[in-house]
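Asks: Contents of query_0.cif (mmCIF, C-alpha atoms (C1' of nucleotides)) are below:
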```
data_query
loop_
_atom_site.label_atom_id
_atom_site.label_comp_id
_atom_site.auth_asym_id
_atom_site.auth_seq_id
_atom_site.Cartn_x
_atom_site.Cartn_y
_atom_site.Cartn_z
CA MET S 256 14.69 3.61 -0.23
CA VAL S 257 16.92 5.44 2.23
CA SER S 258 19.26 3.57 4.53
CA LYS S 259 18.25 2.64 8.04
CA LYS S 260 20.82 5.14 9.31
CA LYS S 261 19.33 7.94 7.19
CA ALA S 262 15.84 7.00 8.32
CA MET S 263 16.96 7.31 11.93
CA GLU S 264 18.34 10.79 11.18
CA PHE S 265 14.88 11.74 9.91
CA ILE S 266 13.28 10.30 13.03
CA ASP S 267 15.71 12.08 15.35
CA THR S 268 15.11 15.44 13.64
CA ILE S 269 11.33 15.02 13.80
CA ASP S 270 11.79 14.11 17.47
CA LEU S 271 13.38 17.54 18.00
CA MET S 272 10.63 19.27 16.00
CA PHE S 273 7.74 17.73 17.94
CA PRO S 274 9.04 16.56 21.33
CA ASP S 275 5.56 16.63 22.90
CA ALA S 276 3.60 14.83 20.18
CA GLU S 277 0.78 12.71 21.56
CA CYS S 278 -2.74 11.55 20.82
CA GLU S 279 -4.93 14.60 20.24
CA LEU S 280 -8.28 12.82 20.52
CA HIS S 281 -10.04 13.54 23.82
CA ALA S 282 -10.98 10.34 25.68
CA ASN S 283 -10.95 9.20 29.30
CA ASN S 284 -10.99 5.40 28.94
CA PRO S 285 -10.48 2.65 26.34
CA PHE S 286 -14.15 2.64 25.37
CA GLU S 287 -14.26 6.38 24.70
CA LEU S 288 -10.94 6.18 22.83
CA THR S 289 -12.23 3.40 20.59
CA ILE S 290 -15.35 5.41 19.75
CA ALA S 291 -13.27 8.54 19.11
CA VAL S 292 -10.85 6.76 16.79
CA LEU S 293 -13.70 5.07 14.95
CA LEU S 294 -15.32 8.48 14.43
CA SER S 295 -12.04 9.99 13.21
CA ALA S 296 -12.00 8.06 9.94
CA GLN S 297 -11.67 10.56 7.06
CA CYS S 298 -12.25 13.44 9.48
CA THR S 299 -10.01 15.73 11.52
CA ASP S 300 -9.30 15.14 15.21
CA ALA S 301 -10.46 18.70 15.90
CA LEU S 302 -13.89 17.94 14.48
CA VAL S 303 -14.18 14.74 16.51
CA ASN S 304 -13.23 16.67 19.64
CA LYS S 305 -16.10 19.10 19.02
CA VAL S 306 -18.62 16.26 19.10
CA THR S 307 -17.31 13.91 21.78
CA PRO S 308 -17.92 16.07 24.90
CA ASN S 309 -21.69 15.96 24.41
CA LEU S 310 -21.55 12.44 22.98
CA PHE S 311 -19.62 10.97 25.92
CA ASN S 312 -21.83 12.82 28.38
CA LYS S 313 -24.92 11.25 26.82
CA TYR S 314 -23.49 7.76 26.11
CA LYS S 315 -21.26 6.30 28.82
CA THR S 316 -21.70 2.55 28.26
CA PRO S 317 -22.41 0.16 25.36
CA GLU S 318 -25.93 -0.16 26.76
CA ASP S 319 -26.40 3.59 26.38
CA TYR S 320 -25.59 3.47 22.66
CA LEU S 321 -28.15 0.67 22.24
CA SER S 322 -30.83 2.51 24.20
CA VAL S 323 -31.59 4.96 21.38
CA GLU S 324 -32.81 4.52 17.81
CA LEU S 325 -30.14 4.38 15.10
CA GLU S 326 -31.45 7.65 13.65
CA GLU S 327 -30.90 9.46 16.92
CA LEU S 328 -27.27 8.32 17.15
CA GLN S 329 -26.80 9.31 13.51
CA GLN S 330 -27.92 12.84 14.32
CA ASP S 331 -25.61 13.01 17.33
CA ILE S 332 -22.56 12.36 15.10
CA ARG S 333 -23.83 13.79 11.82
CA SER S 334 -21.28 16.63 11.63
CA ILE S 335 -18.44 14.08 11.57
CA GLY S 336 -19.33 12.73 8.13
CA LEU S 337 -19.74 9.07 7.10
CA TYR S 338 -22.23 9.12 9.96
CA ARG S 339 -24.53 6.33 8.78
CA ASN S 340 -21.73 3.74 8.69
CA LYS S 341 -20.23 5.01 11.92
CA ALA S 342 -23.52 5.01 13.86
CA LYS S 343 -24.34 1.51 12.70
CA ASN S 344 -20.88 0.25 13.60
CA ILE S 345 -21.05 1.81 17.07
CA GLN S 346 -24.30 0.03 17.85
CA LYS S 347 -23.09 -3.32 16.46
CA LEU S 348 -19.80 -2.92 18.33
CA SER S 349 -21.69 -2.14 21.54
CA GLN S 350 -23.77 -5.30 21.23
CA ILE S 351 -20.65 -7.42 20.69
CA LEU S 352 -18.93 -5.89 23.71
CA ILE S 353 -21.94 -6.81 25.85
CA ASP S 354 -22.30 -10.32 24.42
CA GLN S 355 -18.64 -11.33 24.27
CA TYR S 356 -16.43 -8.99 26.30
CA ASN S 357 -18.37 -8.22 29.48
CA GLY S 358 -18.94 -4.69 28.21
CA GLN S 359 -15.21 -3.92 28.10
CA ILE S 360 -12.91 -3.05 25.20
CA PRO S 361 -10.52 -5.99 24.60
CA SER S 362 -6.83 -5.13 24.94
CA LEU S 363 -5.56 -7.44 22.20
CA ARG S 364 -5.18 -6.17 18.64
CA ASP S 365 -6.43 -9.44 17.17
CA GLU S 366 -9.66 -9.12 19.17
CA LEU S 367 -10.12 -5.41 18.43
CA VAL S 368 -9.98 -5.85 14.66
CA LYS S 369 -12.97 -8.20 14.86
CA LEU S 370 -15.14 -5.29 15.98
CA PRO S 371 -17.17 -3.57 13.23
CA GLY S 372 -15.62 -0.28 12.16
CA VAL S 373 -12.32 -1.20 13.79
CA GLY S 374 -9.54 -1.99 11.34
CA ARG S 375 -5.84 -2.46 11.87
CA LYS S 376 -5.08 1.24 12.18
CA THR S 377 -7.78 1.90 14.79
CA ALA S 378 -6.78 -1.24 16.72
CA ASN S 379 -3.15 -0.13 16.74
CA VAL S 380 -4.11 3.27 18.14
CA VAL S 381 -6.22 1.72 20.91
CA THR S 382 -3.59 -0.81 21.97
CA SER S 383 -0.91 1.86 21.87
CA VAL S 384 -2.69 4.75 23.58
CA ALA S 385 -5.10 2.94 25.91
CA PHE S 386 -3.08 -0.20 26.70
CA ASN S 387 0.46 1.12 26.38
CA GLU S 388 1.58 -1.42 23.82
CA PRO S 389 4.28 -0.51 21.27
CA GLN S 390 2.54 0.07 17.94
CA ILE S 391 2.89 2.12 14.78
CA ALA S 392 -0.56 2.95 13.43
CA VAL S 393 -0.24 3.91 9.77
CA ASP S 394 -2.77 6.62 8.97
CA THR S 395 -2.85 9.04 6.04
CA HIS S 396 -0.12 11.23 7.59
CA VAL S 397 2.29 8.43 8.53
CA GLU S 398 1.91 6.89 5.09
CA ARG S 399 2.42 10.19 3.26
CA VAL S 400 5.52 11.36 5.15
CA SER S 401 7.14 7.91 5.11
CA LYS S 402 6.79 7.81 1.33
CA ARG S 403 7.85 11.41 0.76
CA LEU S 404 10.99 10.98 2.85
CA GLY S 405 11.82 7.76 1.04
CA ILE S 406 11.61 5.56 4.12
CA CYS S 407 9.37 3.35 1.99
CA ARG S 408 8.13 3.24 -1.59
CA TYR S 409 5.12 5.02 -3.04
CA LYS S 410 3.71 1.70 -4.21
CA ASP S 411 3.86 0.10 -0.76
CA ASP S 412 0.56 -0.75 0.94
CA VAL S 413 -0.06 0.35 4.54
CA LEU S 414 0.97 -2.99 6.04
CA THR S 415 4.32 -2.82 4.24
CA VAL S 416 4.75 0.75 5.48
CA GLU S 417 4.07 -0.40 9.04
CA LYS S 418 6.56 -3.28 8.82
CA THR S 419 9.22 -1.04 7.28
CA LEU S 420 8.85 1.53 10.05
CA GLN S 421 9.03 -1.24 12.64
CA LYS S 422 12.32 -2.41 11.17
CA VAL S 423 13.82 1.06 11.14
CA ILE S 424 12.64 2.35 14.51
CA PRO S 425 13.69 0.82 17.86
CA VAL S 426 10.66 -0.80 19.48
CA GLU S 427 10.89 1.36 22.59
CA ARG S 428 10.32 4.41 20.37
CA TRP S 429 7.45 3.08 18.25
CA SER S 430 4.56 4.76 20.01
CA LYS S 431 6.25 8.12 20.49
CA THR S 432 7.66 8.25 16.96
CA HIS S 433 4.27 7.22 15.58
CA HIS S 434 2.69 10.35 17.08
CA GLN S 435 5.62 12.50 15.97
CA LEU S 436 5.20 11.34 12.38
CA ILE S 437 1.52 12.32 12.62
CA PHE S 438 2.39 15.78 13.95
CA PHE S 439 5.04 16.18 11.26
CA GLY S 440 2.46 15.34 8.60
CA ARG S 441 -0.38 17.31 10.16
CA TYR S 442 1.46 20.54 10.93
CA HIS S 443 4.54 20.60 8.69
CA CYS S 444 4.62 18.11 5.81
CA LEU S 445 1.06 19.02 4.77
CA ALA S 446 -0.71 17.03 2.07
CA ARG S 447 -1.42 19.97 -0.21
CA ASN S 448 1.33 22.48 0.57
CA PRO S 449 4.22 20.91 2.46
CA LYS S 450 6.47 23.49 4.13
CA CYS S 451 9.58 22.36 2.25
CA ARG S 452 11.15 25.83 2.31
CA GLU S 453 11.45 25.76 6.08
CA CYS S 454 12.01 22.02 6.44
CA PRO S 455 15.21 20.80 8.13
CA LEU S 456 14.90 17.56 6.14
CA LEU S 457 14.75 19.18 2.69
CA ASN S 458 18.32 18.32 1.67
CA ASP S 459 17.73 14.60 2.17
CA CYS S 460 14.03 14.44 1.27
CA ARG S 461 13.22 12.69 -1.98
CA GLU S 462 9.88 14.47 -2.45
CA GLY S 463 11.35 17.81 -1.36
CA GLN S 464 14.13 17.59 -3.95
CA LYS S 465 11.61 16.66 -6.61
CA ARG S 466 9.53 19.71 -5.69
CA LEU S 467 12.63 21.88 -5.84
CA ARG S 468 13.36 20.75 -9.40
CA LYS S 469 9.76 21.36 -10.38
CA GLY S 470 9.93 24.88 -8.97
CA LEU S 471 7.24 24.15 -6.42
CA VAL S 472 9.49 25.24 -3.58
CA LYS S 473 9.97 28.99 -3.60
CA ILE S 474 13.42 30.26 -2.68
CA ASP S 475 13.95 33.92 -1.84
"C1'" DC D 1276 -11.96 -1.08 -6.76
"C1'" DT D 1277 -16.11 1.87 -4.90
"C1'" DC D 1278 -18.85 3.80 -1.42
"C1'" DC D 1279 -19.63 6.32 2.64
"C1'" DC D 1280 -19.95 12.20 3.86
"C1'" DG D 1281 -19.77 16.78 6.54
"C1'" DA D 1282 -16.45 20.50 7.79
"C1'" DT D 1283 -12.57 23.09 6.69
"C1'" DA D 1284 -8.57 25.14 4.22
"C1'" DT D 1285 -6.86 26.66 -0.01
"C1'" DA V 792 -14.71 24.60 -6.67
"C1'" DT V 793 -11.84 21.17 -4.87
"C1'" DA V 794 -8.65 18.53 -1.91
"C1'" DT V 795 -8.24 16.65 2.43
"C1'" DC V 796 -9.24 14.78 6.94
"C1'" DA V 797 -5.83 9.66 12.76
"C1'" DG V 798 -10.39 4.39 7.48
"C1'" DG V 799 -13.22 0.45 7.00
"C1'" DA V 800 -16.33 -2.65 4.60
"C1'" DG V 801 -18.34 -4.87 0.63
#
```
Would it be possible to restate this file's structure as structure tokens?
Replies:
Amino acid sequence: MVSKKKAMEFIDTIDLMFPDAECELHANNPFELTIAVLLSAQCTDALVNKVTPNLFNKYKTPEDYLSVELEELQQDIRSIGLYRNKAKNIQKLSQILIDQYNGQIPSLRDELVKLPGVGRKTANVVTSVAFNEPQIAVDTHVERVSKRLGICRYKDDVLTVEKTLQKVIPVERWSKTHHQLIFFGRYHCLARNPKCRECPLLNDCREGQKRLRKGLVKID
DNA sequence: CTCCCGATAT
DNA sequence: ATATCAGGAG
């Protein structure tokens, strides 16, 4: 594990690389954001954004999602993948919002995670982006880059990764840094072919040094 | 742990 | 052909 000081150097460099990082899912209110994040499981943001314009035009309220047959909603989100689970969860979630939350998305993380299809990561995104609460949502990118850089260990589970990042990063930077780690993972430290050769963190990166030794990083 | 799953990049 | 994508539930 790298020191807290070294971790902050990583964070500050990534801050310079992606100063404008933010949520890339298109949504105009907490309800739309929750649906969008739920749909984004194991699927790219870009693909979700191709579906949501028509989806949000057709379904504006929880009642709207319950007004059609399950099969129709499945077809409307089919291209996203995992569409049977997601369609079912959207309808169950809609019924719960009507029954228990006056049709509104709750703003507390502990309430959000009770909704079907909403786990800790989705709840953290909603509270952070829609309700402006400091959070670090650990998705596939945040987990991968944190482990590669040595901010946490490869064996750590996502909750440990989240707690470690919270310890290292000042709370006022949680939400911004969280998005910057996603951008760093999505556009630079790619899962399959990380751009180590052009990475400003290569000298201090545990995974980058390992890849250098293995000859996976080509040097001119 | 497995299952859910289509679209896209490599 | 295969790995990967803002995961969650059983």
Asks: Restrict the distance test to all atoms listed in the file, flag each residue of chain D within 9 Å of chain S, and return the flagged residues as a list of chain:residue names.
Replies: D:DC1279, D:DC1280, D:DG1281, D:DA1282, D:DT1285
Asks: Starting from the shown file, work through the PyMOL selection byres ((chain S) within 12 of (chain V)) and note down what comes out as a ChimeraX atom specification.
Replies: /S:277-280,288-289,291-303,335-337,340-341,344,368-381,391-398,413,433-434,436-438,440-441,445-448
Asks: Counting all atoms listed in the file, what is within 9 Å of Pro389 of chain S, bar same-chain residues fewer than 6 positions away, as a PDB file with C-alpha atoms, in the frame of the given file?
Replies:
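Written out: around33.pdb:
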```
ATOM      1  CA  ASN S 379      -3.150  -0.130  16.740  1.00  0.00           C
ATOM      2  CA  THR S 382      -3.590  -0.810  21.970  1.00  0.00           C
ATOM      3  CA  SER S 383      -0.910   1.860  21.870  1.00  0.00           C
ATOM      4  CA  VAL S 426      10.660  -0.800  19.480  1.00  0.00           C
ATOM      5  CA  GLU S 427      10.890   1.360  22.590  1.00  0.00           C
ATOM      6  CA  ARG S 428      10.320   4.410  20.370  1.00  0.00           C
ATOM      7  CA  TRP S 429       7.450   3.080  18.250  1.00  0.00           C
ATOM      8  CA  SER S 430       4.560   4.760  20.010  1.00  0.00           C
ATOM      9  CA  LYS S 431       6.250   8.120  20.490  1.00  0.00           C
TER      10      LYS S 431
END
```
Asks: Please measure the separation of atom CA of Leu321 of chain S and atom CA of Asp365 of chain S, giving the value in Å to one decimal.
Replies: 24.5 Å
Asks: For the atom pair atom CA of Met256 of chain S and atom CA of Tyr409 of chain S, what is the interatomic distance in Å to one decimal place?
Replies: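 For atom CA of Met256 of chain S relative to atom CA of Tyr409 of chain S, the distance reads 10.1 Å.
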Asks: What is the distance, in Å and to one decimal place, between atom CA of Arg461 of chain S and atom CA of Lys402 of chain S?
Replies: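 Interatomic distance here is 8.7 Å.
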